[in-house]
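S.K.: Just my_file_3.cif, nothing more (mmCIF, C-alpha atoms):
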```cif
data_start
loop_
_atom_site.label_atom_id
_atom_site.label_comp_id
_atom_site.auth_asym_id
_atom_site.auth_seq_id
_atom_site.Cartn_x
_atom_site.Cartn_y
_atom_site.Cartn_z
CA MET A 297 71.87 30.79 197.13
CA LYS A 298 74.65 29.55 199.35
CA VAL A 299 77.08 32.02 200.93
CA VAL A 300 80.25 30.79 202.62
CA ILE A 301 82.45 32.91 204.87
CA ALA A 302 85.86 31.49 205.76
CA ASN A 303 88.29 32.59 208.44
CA PHE A 304 90.70 29.68 208.46
CA SER A 305 93.18 29.00 211.22
CA ALA A 306 96.33 27.05 210.33
CA PRO A 307 95.47 23.64 208.83
CA VAL A 308 95.73 20.50 210.94
CA VAL A 309 98.32 17.93 209.85
CA THR A 310 96.68 14.50 209.66
CA THR A 311 96.50 11.44 207.42
CA SER A 312 92.76 10.99 207.96
CA ASP A 313 90.74 10.06 204.87
CA ALA A 314 88.79 13.21 203.98
CA SER A 315 86.56 11.58 201.35
CA ALA A 316 85.48 8.78 203.67
CA PHE A 317 84.59 11.15 206.50
CA TRP A 318 82.43 13.51 204.45
CA ALA A 319 80.81 10.66 202.52
CA ARG A 320 79.21 9.38 205.74
CA HIS A 321 78.71 12.78 207.39
CA GLU A 322 75.18 14.14 207.74
CA LEU A 323 74.44 17.82 208.21
CA PRO A 324 72.41 18.74 211.32
CA PRO A 325 68.75 19.73 210.92
CA ARG A 326 68.44 23.22 209.50
CA ARG A 327 67.61 26.02 211.95
CA ARG A 328 66.39 29.54 211.29
CA GLY A 329 68.46 31.49 213.79
CA LEU A 330 68.49 35.18 214.68
CA SER A 331 68.58 38.03 212.19
CA LEU A 332 71.79 40.04 211.94
CA PHE A 333 70.86 42.79 214.39
CA GLU A 334 69.03 40.51 216.82
CA GLN A 335 72.34 38.91 217.79
CA PRO A 336 74.08 39.68 221.07
CA ALA A 337 77.58 41.11 221.08
CA GLY A 338 80.16 38.46 220.36
CA TRP A 339 83.07 37.30 218.25
CA GLY A 340 82.53 37.01 214.51
CA PHE A 341 79.69 39.50 214.10
CA HIS A 342 81.48 41.55 211.45
CA ILE A 343 82.86 38.46 209.70
CA MET A 344 79.45 36.83 209.22
CA ALA A 345 77.54 40.07 208.68
CA ILE A 346 77.50 40.04 204.88
CA GLY A 347 76.12 36.51 204.74
CA LEU A 348 73.45 37.20 207.35
CA HIS A 349 72.50 40.45 205.60
CA LEU A 350 71.96 38.55 202.34
CA ARG A 351 69.91 35.97 204.22
CA ASP A 352 67.83 38.66 205.94
CA GLN A 353 67.22 40.24 202.52
CA GLY A 354 65.90 36.94 201.20
CA MET A 355 68.81 36.50 198.79
CA ALA A 356 70.67 33.69 200.58
CA ASP A 357 69.09 30.39 201.57
CA THR A 358 72.16 29.08 203.38
CA VAL A 359 75.07 30.77 205.15
CA GLU A 360 78.08 28.73 206.25
CA PHE A 361 81.21 29.57 208.23
CA TRP A 362 84.35 27.50 207.49
CA ASP A 363 87.43 27.06 209.66
CA TYR A 364 90.23 24.58 210.38
CA ALA A 365 90.48 22.92 213.81
CA ASP A 366 91.30 19.56 215.35
CA GLN A 367 87.67 18.43 215.69
CA ARG A 368 85.93 18.45 212.31
CA GLY A 369 82.19 18.34 211.80
CA SER A 370 79.21 20.66 211.41
CA SER A 371 76.78 22.40 213.76
CA TYR A 372 74.46 25.38 213.68
CA LEU A 373 75.32 28.56 215.53
CA PRO A 374 72.54 30.46 217.33
CA ASN A 375 72.38 32.89 214.41
CA GLY A 376 71.50 30.08 212.01
CA VAL A 377 74.92 29.95 210.35
CA LEU A 378 76.17 26.42 209.67
CA ARG A 379 79.65 26.16 211.20
CA VAL A 380 81.74 23.59 209.33
CA ILE A 381 85.12 22.59 210.72
CA PHE A 382 87.79 20.95 208.54
CA TYR A 383 91.30 19.64 209.07
CA HIS A 384 92.82 20.99 205.86
CA GLU A 385 92.31 21.86 202.20
CA GLU A 386 91.58 18.30 201.04
CA ASP A 387 88.87 18.09 203.69
CA VAL A 388 87.23 21.19 202.17
CA ALA A 389 87.52 19.67 198.70
CA ALA A 390 85.81 16.46 199.84
CA TYR A 391 83.03 18.46 201.52
CA MET A 392 82.43 20.45 198.34
CA ASP A 393 82.38 17.25 196.28
CA ARG A 394 79.41 16.14 198.32
CA TYR A 395 77.58 19.36 199.14
CA GLY A 396 78.61 21.61 196.27
CA VAL A 397 80.47 24.88 195.93
CA PRO A 398 79.15 28.19 197.27
CA ASP A 399 77.62 30.85 195.04
CA LEU A 400 79.51 33.54 196.96
CA PHE A 401 82.73 32.86 198.88
CA LEU A 402 84.27 35.43 201.24
CA ASN A 403 87.70 34.58 202.63
CA TYR A 404 89.32 36.35 205.58
CA GLY A 405 93.07 36.02 206.01
CA GLU A 406 95.94 34.11 204.45
CA HIS A 407 95.10 30.50 205.31
CA GLY A 408 92.22 30.41 202.84
CA ARG A 409 94.26 31.24 199.77
CA SER A 410 94.40 27.63 198.57
CA ILE A 411 90.60 27.44 198.75
CA LEU A 412 90.33 30.68 196.78
CA ASP A 413 92.47 29.02 194.12
CA ARG A 414 90.33 25.87 194.09
CA LEU A 415 87.20 27.93 193.58
CA GLY A 416 88.59 29.89 190.64
CA GLY A 417 86.00 29.91 187.84
CA ARG A 418 83.49 28.03 190.02
CA CYS A 419 81.96 30.85 192.08
CA PHE A 420 82.35 34.55 192.87
CA ARG A 421 85.23 35.09 195.31
CA VAL A 422 85.87 37.98 197.68
CA HIS A 423 89.15 38.17 199.58
CA VAL A 424 89.65 40.18 202.78
CA PRO A 425 93.45 40.10 203.26
CA CYS A 426 93.53 41.18 206.96
CA LEU A 427 97.04 42.58 206.61
CA ARG A 428 98.70 41.28 209.78
CA ARG A 429 102.09 41.05 208.12
CA ARG A 430 103.59 42.13 204.85
CA ARG A 431 103.70 39.80 201.88
CA ASP A 432 106.04 40.01 198.91
CA GLY A 433 103.82 42.18 196.72
CA PRO A 434 100.14 43.09 196.95
CA ASP A 435 97.81 40.80 198.86
CA ASN A 436 94.75 41.64 196.78
CA THR A 437 95.22 38.85 194.25
CA GLY A 438 93.47 35.55 193.55
CA ALA A 439 89.82 36.66 193.75
CA GLU A 440 87.25 38.62 191.77
CA CYS A 441 87.37 41.56 194.21
CA TYR A 442 88.83 42.60 197.56
CA LEU A 443 88.00 44.37 200.80
CA VAL A 444 91.26 45.95 201.96
CA ASP A 445 92.17 47.82 205.13
CA SER A 446 94.96 50.06 203.88
CA GLU A 447 94.72 52.77 201.24
CA GLU A 448 97.94 51.63 199.59
CA TYR A 449 96.14 48.48 198.42
CA LEU A 450 93.15 50.20 196.88
CA ASP A 451 92.77 49.62 193.14
CA ASP A 452 89.94 49.26 190.64
CA ARG A 453 88.97 45.83 192.08
CA SER A 454 89.14 46.84 195.76
CA MET A 455 86.97 48.59 198.33
CA MET A 456 87.98 49.83 201.75
CA TYR A 457 86.92 47.40 204.47
CA VAL A 458 84.86 48.75 207.34
CA PRO A 459 83.87 46.13 209.95
CA VAL A 460 80.13 46.03 210.52
CA VAL A 461 79.18 46.85 214.12
CA ASN A 462 75.94 46.08 215.92
CA THR A 463 75.32 49.71 216.81
CA GLY A 464 72.24 48.80 218.82
CA VAL A 465 74.53 46.98 221.24
CA PHE A 466 77.70 49.08 220.99
CA ARG A 467 76.53 52.55 221.86
CA PRO A 468 77.28 55.21 224.48
CA GLY A 469 75.98 54.37 227.94
CA SER A 470 75.46 56.07 231.26
CA ALA A 471 77.74 53.82 233.33
CA PRO A 472 80.12 55.70 235.66
CA LYS A 473 83.60 56.09 234.17
CA ARG A 474 85.83 53.85 236.26
CA ARG A 475 89.02 53.99 234.23
CA ASP A 476 90.88 56.20 231.80
CA PHE A 477 91.32 53.74 228.95
CA VAL A 478 90.45 50.29 227.68
CA TYR A 479 92.26 48.08 225.15
CA LEU A 480 90.35 45.22 223.52
CA ALA A 481 92.84 42.77 222.02
CA ALA A 482 94.19 39.35 222.84
CA CYS A 483 97.85 39.45 223.81
CA TYR A 484 100.07 38.24 220.98
CA ARG A 485 102.77 39.58 218.69
CA GLY A 486 101.86 42.79 216.95
CA LYS A 487 99.23 43.92 219.44
CA ARG A 488 101.86 45.81 221.50
CA HIS A 489 100.32 45.78 224.96
CA ASP A 490 103.84 46.55 226.14
CA LEU A 491 103.71 49.95 224.44
CA VAL A 492 100.74 50.99 226.56
CA VAL A 493 102.24 49.57 229.77
CA ASP A 494 105.49 51.44 229.19
CA ALA A 495 103.56 54.62 228.39
CA VAL A 496 101.54 54.64 231.62
CA ARG A 497 103.92 52.91 234.06
CA GLY A 498 104.65 55.19 237.01
CA THR A 499 101.67 57.46 236.26
CA GLU A 500 98.15 57.66 237.72
CA LEU A 501 96.51 56.68 234.44
CA THR A 502 94.17 53.70 234.87
CA GLY A 503 93.23 51.11 232.27
CA HIS A 504 91.98 47.64 231.44
CA PHE A 505 93.14 44.94 228.99
CA HIS A 506 90.64 42.41 227.61
CA PRO A 507 90.84 39.49 226.81
CA VAL A 508 94.21 39.15 228.53
CA SER A 509 95.28 36.77 231.30
CA ARG A 510 97.11 38.55 234.11
CA GLY A 511 100.35 36.60 233.78
CA SER A 512 100.79 37.29 230.07
CA VAL A 513 101.82 40.94 230.54
CA ASP A 514 104.23 42.58 232.98
CA LEU A 515 102.01 45.19 234.64
CA ASP A 516 104.36 46.15 237.49
CA GLY A 517 104.10 49.86 238.20
CA ALA A 518 101.01 50.32 236.04
CA HIS A 519 97.38 50.76 237.15
CA ILE A 520 96.01 48.29 234.61
CA THR A 521 93.58 45.48 235.33
CA THR A 522 92.89 42.51 233.05
CA SER A 523 90.15 40.02 232.27
CA ASP A 524 90.16 36.93 230.09
CA TRP A 525 87.52 35.61 227.70
CA ASP A 526 83.98 35.65 229.15
CA GLU A 527 85.12 37.18 232.45
CA ARG A 528 83.76 40.66 231.72
CA ASP A 529 81.01 42.12 229.60
CA VAL A 530 82.69 43.95 226.73
CA VAL A 531 79.94 46.54 226.32
CA GLU A 532 80.17 47.42 230.02
CA LEU A 533 83.95 47.74 229.75
CA LEU A 534 83.54 50.27 226.95
CA THR A 535 80.82 52.34 228.55
CA SER A 536 82.75 52.56 231.83
CA SER A 537 85.97 53.79 230.13
CA ARG A 538 86.89 57.31 229.03
CA ILE A 539 88.88 56.50 225.87
CA ALA A 540 90.13 53.45 223.97
CA VAL A 541 93.68 52.72 222.83
CA TYR A 542 95.01 50.59 220.02
CA PRO A 543 98.83 50.43 220.20
CA GLY A 544 99.28 47.57 217.69
CA ASP A 545 101.72 47.92 214.81
CA ALA A 546 102.08 44.59 212.96
CA THR A 547 98.32 44.17 212.92
CA SER A 548 95.20 45.10 211.07
CA ASN A 549 91.78 46.51 211.87
CA PRO A 550 89.82 44.21 214.16
CA ALA A 551 86.19 45.06 214.72
CA ALA A 552 87.06 46.06 218.29
CA MET A 553 88.42 49.38 217.04
CA TRP A 554 85.12 50.19 215.35
CA GLU A 555 83.14 48.95 218.34
CA CYS A 556 84.99 51.41 220.57
CA VAL A 557 84.20 54.31 218.26
CA ALA A 558 80.56 53.22 217.87
CA ALA A 559 80.33 53.18 221.67
CA GLY A 560 81.39 56.83 221.72
CA LEU A 561 85.02 56.41 222.83
CA PRO A 562 87.72 58.51 221.18
CA ILE A 563 90.52 56.12 220.21
CA VAL A 564 94.30 56.62 220.27
CA VAL A 565 95.93 54.45 217.58
CA ASN A 566 99.57 53.66 216.88
CA ALA A 567 100.61 55.69 213.85
CA ASN A 568 102.53 52.61 212.63
CA ILE A 569 99.49 50.33 212.48
CA ARG A 570 99.42 48.33 209.24
CA GLY A 571 95.70 48.48 208.60
CA GLY A 572 92.67 50.41 209.75
CA ARG A 573 94.08 53.93 209.81
CA HIS A 574 90.90 55.13 208.05
CA LEU A 575 89.10 54.73 211.39
CA VAL A 576 91.02 57.67 212.82
CA VAL A 577 89.71 61.10 211.86
CA PRO A 578 91.90 63.49 213.87
CA GLY A 579 89.90 65.69 216.21
CA VAL A 580 86.70 63.71 215.51
CA THR A 581 87.06 59.97 216.22
CA GLY A 582 90.50 60.06 217.85
CA GLU A 583 94.18 60.54 217.11
CA LEU A 584 97.15 58.72 215.62
CA ALA A 585 100.17 58.67 217.93
CA ALA A 586 103.82 57.86 217.32
CA PRO A 587 105.01 55.18 219.78
CA GLU A 588 107.30 57.62 221.58
CA ASP A 589 104.41 60.10 221.99
CA PHE A 590 101.72 57.62 222.96
CA ARG A 591 101.31 58.76 226.56
CA ALA A 592 101.28 62.44 225.63
CA VAL A 593 98.56 61.88 223.06
CA MET A 594 96.54 59.77 225.51
CA VAL A 595 96.71 62.55 228.10
CA ARG A 596 95.66 65.16 225.52
CA VAL A 597 92.70 63.11 224.27
CA LEU A 598 91.59 62.40 227.84
CA ALA A 599 91.67 66.10 228.63
CA ASP A 600 89.73 67.02 225.49
CA ARG A 601 87.55 63.96 225.05
CA ASP A 602 84.26 65.87 225.25
CA ARG A 603 85.07 67.66 221.98
CA TYR A 604 85.37 64.40 220.02
CA ARG A 605 82.33 63.04 218.20
CA PRO A 606 83.17 59.39 217.43
CA ARG A 607 79.63 57.95 217.57
CA GLU A 608 78.13 60.73 215.49
CA TYR A 609 80.80 60.39 212.82
CA PHE A 610 80.44 56.63 212.81
CA MET A 611 76.71 56.71 212.20
CA ALA A 612 77.01 59.38 209.53
CA HIS A 613 79.75 57.61 207.53
CA TRP A 614 79.75 53.91 208.55
CA ASP A 615 76.14 53.07 209.33
CA PRO A 616 76.16 49.25 209.29
CA ARG A 617 73.18 48.73 206.98
CA ALA A 618 74.52 51.28 204.52
CA ILE A 619 77.95 49.61 204.57
CA LEU A 620 76.41 46.19 203.88
CA ASP A 621 74.42 47.57 200.97
CA GLU A 622 77.60 49.17 199.61
CA TYR A 623 79.41 45.82 199.79
CA VAL A 624 76.65 44.05 197.85
CA ALA A 625 76.55 46.82 195.24
CA PHE A 626 80.35 46.61 194.93
CA PHE A 627 80.24 42.84 194.37
CA ARG A 628 77.67 43.37 191.61
CA ARG A 629 79.85 45.99 189.92
CA MET A 630 82.72 43.54 190.04
CA GLY A 631 80.66 40.94 188.20
CA TRP A 632 78.73 38.99 190.84
CA ARG A 633 75.45 37.67 189.50
CA PRO A 634 73.35 36.16 192.31
CA PRO A 635 71.23 33.16 191.33
CA SER A 636 67.64 34.13 190.62
CA ARG A 637 65.11 33.36 193.32
CA GLY A 638 63.45 30.02 192.90
CA ALA A 639 66.45 28.45 191.22
CA ASP A 640 67.54 25.11 192.58
CA THR A 641 70.52 25.40 194.87
CA VAL A 642 73.21 22.87 195.64
CA GLN A 643 72.49 23.10 199.34
CA ALA A 644 68.80 22.41 198.83
CA SER A 645 69.55 19.18 197.04
CA ALA A 646 72.13 18.25 199.68
CA SER A 647 69.66 18.84 202.50
#
```
What is this file in structure tokens?
M.R.:
Amino acid sequence: MKVVIANFSAPVVTTSDASAFWARHELPPRRRGLSLFEQPAGWGFHIMAIGLHLRDQGMADTVEFWDYADQRGSSYLPNGVLRVIFYHEEDVAAYMDRYGVPDLFLNYGEHGRSILDRLGGRCFRVHVPCLRRRRDGPDNTGAECYLVDSEEYLDDRSMMYVPVVNTGVFRPGSAPKRRDFVYLAACYRGKRHDLVVDAVRGTELTGHFHPVSRGSVDLDGAHITTSDWDERDVVELLTSSRIAVYPGDATSNPAAMWECVAAGLPIVVNANIRGGRHLVVPGVTGELAAPEDFRAVMVRVLADRDRYRPREYFMAHWDPRAILDEYVAFFRRMGWRPPSRGADTVQASAS
């Protein structure tokens, strides 16, 4: 069985001949890779988790990750996932003409909608909308079922999305607490780093932004440090912080929010966030805060942080293995019928 997970960036505009490129392309030698929970902390863990879980369970022979970028080709990641880079939709079509369609296709975000359409009636499709901005009408359309991050989009074909966290890596630690808060989010529209800066400017509250380059945010008057990609260990940043904040509004529920809670940090979240509010259980995992009250709520959570039980609640309700099993069971209820073991697969013939 072949599982494909897609998290497409914007397509690349080019006149390159897609059919000719993929006709002469050869996949790299297959590699086994690490099991799901053997992997170190890093980007993409929650996105690839379902595919790796199915592989670890002996259900999937091949797991691929698809994206658009300006250098197309294929290579294996350390976890054994085949990373395939395309320019655009016609590139994907040419690749599938040669190597076949997946048995299970999971699409994250809006740029993969055209591929969802192409695969209609050809495989089982799961769409994870990642609601970063509002569409005209519901976003849970065009697939057999959906993993959504806002209760308003739940229907009889949808399940609430909970990012899978490597809880063996993201867990409470004994590191000295060197700062009041940490915010894990790249700095772009909707993430609202400015809300936190304005809330703590002129106070003694200390914090850290990651991954953020120093010049991208005006930190004058605020005791906030920054680090860019690969400059700091994320797990150490969490274990050396007292609480986490997530001030974003026009954004969704990145795995970083769940990683903070799994690491035992109460989290203060913008009450206007567009997805992921189900992470916040008031008085247990953290608090929702109106933008104008963000500092006051931060101060209150810092003062009372020992009474919160984020890690305990996480493990009781969002244990990663249990969540993965729930996803698979949900897909089956929605009509997914995995190929029987021993059946010939498209990827096997292509290899």
S.K.: So what do you get for CA of Trp339 in chain A versus CA of Asp514 in chain A, distance-wise?
M.R.: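 Computing the Euclidean distance for CA of Trp339 in chain A and CA of Asp514 in chain A yields 26.3 Å.
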S.K.: Would you kindly return, as number ranges by chain, each protein, DNA or RNA residue with an atom no farther than 6 Å from any atom of Gly571 in chain A, considering all atoms listed in the file and excluding same-chain residues fewer than 3 positions away?
M.R.: A: 445-446, 548-549
S.K.: What does the distance between CA of Phe420 in chain A and CA of Asp399 in chain A come to in Å, to one decimal place?
M.R.: 6.4 Å
S.K.: Check what the PyMOL selection byres ((chain A and resi 402) around 9) selects in the file above and give those residues as a list of chain:residue names.
M.R.: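 Matching residues under the PyMOL selection byres ((chain A and resi 402) around 9) are A:Val299, A:Val300, A:Ile301, A:Ala302, A:Asn303, A:Ile346, A:Gly347, A:Leu400, A:Phe401, A:Asn403, A:Tyr404, A:Leu412, A:Phe420, A:Arg421, A:Val422, A:His423, A:Val424.
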S.K.: Got a sec to resolve the PyMOL selection byres ((chain A and resi 565) around 10) on this structure and send the residues as a PyMOL selection string?
M.R.: chain A and resi 540-545+553+562-564+566-569+572-573+575-576+582-587+590+593-594
S.K.: List as a PyMOL selection string the protein and nucleic acid residues near Leu323 in chain A, meaning an atom at most 10 Å away when only C-alpha atoms are counted, but skip any in the same chain fewer than 5 places from it.
M.R.: chain A and resi 318+369-372+378+380+395+646-647
S.K.: Applied to this file, what does the PyMOL selection byres ((chain A and resi 436-440) around 10) return in terms of residues, put as a PDB file with C-alpha atoms, in the coordinates of the input?
M.R.:
```
ATOM      1  CA  PHE A 401      82.730  32.860 198.880  1.00  0.00           C
ATOM      2  CA  LEU A 402      84.270  35.430 201.240  1.00  0.00           C
ATOM      3  CA  ASN A 403      87.700  34.580 202.630  1.00  0.00           C
ATOM      4  CA  ARG A 409      94.260  31.240 199.770  1.00  0.00           C
ATOM      5  CA  SER A 410      94.400  27.630 198.570  1.00  0.00           C
ATOM      6  CA  LEU A 412      90.330  30.680 196.780  1.00  0.00           C
ATOM      7  CA  ASP A 413      92.470  29.020 194.120  1.00  0.00           C
ATOM      8  CA  LEU A 415      87.200  27.930 193.580  1.00  0.00           C
ATOM      9  CA  GLY A 416      88.590  29.890 190.640  1.00  0.00           C
ATOM     10  CA  GLY A 417      86.000  29.910 187.840  1.00  0.00           C
ATOM     11  CA  CYS A 419      81.960  30.850 192.080  1.00  0.00           C
ATOM     12  CA  PHE A 420      82.350  34.550 192.870  1.00  0.00           C
ATOM     13  CA  ARG A 421      85.230  35.090 195.310  1.00  0.00           C
ATOM     14  CA  VAL A 422      85.870  37.980 197.680  1.00  0.00           C
ATOM     15  CA  HIS A 423      89.150  38.170 199.580  1.00  0.00           C
ATOM     16  CA  VAL A 424      89.650  40.180 202.780  1.00  0.00           C
ATOM     17  CA  PRO A 425      93.450  40.100 203.260  1.00  0.00           C
ATOM     18  CA  GLY A 433     103.820  42.180 196.720  1.00  0.00           C
ATOM     19  CA  PRO A 434     100.140  43.090 196.950  1.00  0.00           C
ATOM     20  CA  ASP A 435      97.810  40.800 198.860  1.00  0.00           C
ATOM     21  CA  CYS A 441      87.370  41.560 194.210  1.00  0.00           C
ATOM     22  CA  TYR A 442      88.830  42.600 197.560  1.00  0.00           C
ATOM     23  CA  LEU A 443      88.000  44.370 200.800  1.00  0.00           C
ATOM     24  CA  VAL A 444      91.260  45.950 201.960  1.00  0.00           C
ATOM     25  CA  TYR A 449      96.140  48.480 198.420  1.00  0.00           C
ATOM     26  CA  LEU A 450      93.150  50.200 196.880  1.00  0.00           C
ATOM     27  CA  ASP A 451      92.770  49.620 193.140  1.00  0.00           C
ATOM     28  CA  ARG A 453      88.970  45.830 192.080  1.00  0.00           C
ATOM     29  CA  SER A 454      89.140  46.840 195.760  1.00  0.00           C
ATOM     30  CA  PHE A 627      80.240  42.840 194.370  1.00  0.00           C
ATOM     31  CA  MET A 630      82.720  43.540 190.040  1.00  0.00           C
ATOM     32  CA  GLY A 631      80.660  40.940 188.200  1.00  0.00           C
ATOM     33  CA  TRP A 632      78.730  38.990 190.840  1.00  0.00           C
TER      34      TRP A 632
END
```
S.K.: For range 340-352 of chain A of the block above, can you save N, CA and C atoms as a compact mmCIF listing (two decimals), in the first residue's frame?
M.R.:
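Done, and the output landed in part.txt:
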```
# COMPACT_ATOMS: atom_id res chain seq x y z
N GLY A 340 7.58 18.64 10.56
CA GLY A 340 6.88 17.65 9.77
C GLY A 340 6.50 16.38 10.50
N PHE A 341 6.86 16.25 11.77
CA PHE A 341 6.56 15.02 12.50
C PHE A 341 5.06 14.72 12.47
N HIS A 342 4.25 15.71 12.82
CA HIS A 342 2.80 15.47 12.89
C HIS A 342 2.20 15.27 11.51
N ILE A 343 2.79 15.89 10.48
CA ILE A 343 2.25 15.78 9.13
C ILE A 343 2.47 14.37 8.58
N MET A 344 3.63 13.80 8.82
CA MET A 344 3.95 12.48 8.28
C MET A 344 3.54 11.34 9.20
N ALA A 345 3.03 11.66 10.39
CA ALA A 345 2.81 10.65 11.42
C ALA A 345 1.85 9.54 10.98
N ILE A 346 0.77 9.89 10.30
CA ILE A 346 -0.20 8.87 9.93
C ILE A 346 0.43 7.86 8.97
N GLY A 347 1.18 8.35 7.99
CA GLY A 347 1.83 7.45 7.05
C GLY A 347 2.84 6.54 7.72
N LEU A 348 3.65 7.10 8.62
CA LEU A 348 4.66 6.30 9.30
C LEU A 348 4.01 5.30 10.25
N HIS A 349 2.91 5.69 10.88
CA HIS A 349 2.17 4.77 11.74
C HIS A 349 1.68 3.57 10.94
N LEU A 350 1.11 3.82 9.76
CA LEU A 350 0.63 2.74 8.92
C LEU A 350 1.79 1.86 8.45
N ARG A 351 2.94 2.47 8.19
CA ARG A 351 4.12 1.68 7.82
C ARG A 351 4.60 0.84 8.99
N ASP A 352 4.65 1.45 10.18
CA ASP A 352 5.10 0.72 11.37
C ASP A 352 4.17 -0.44 11.69
```
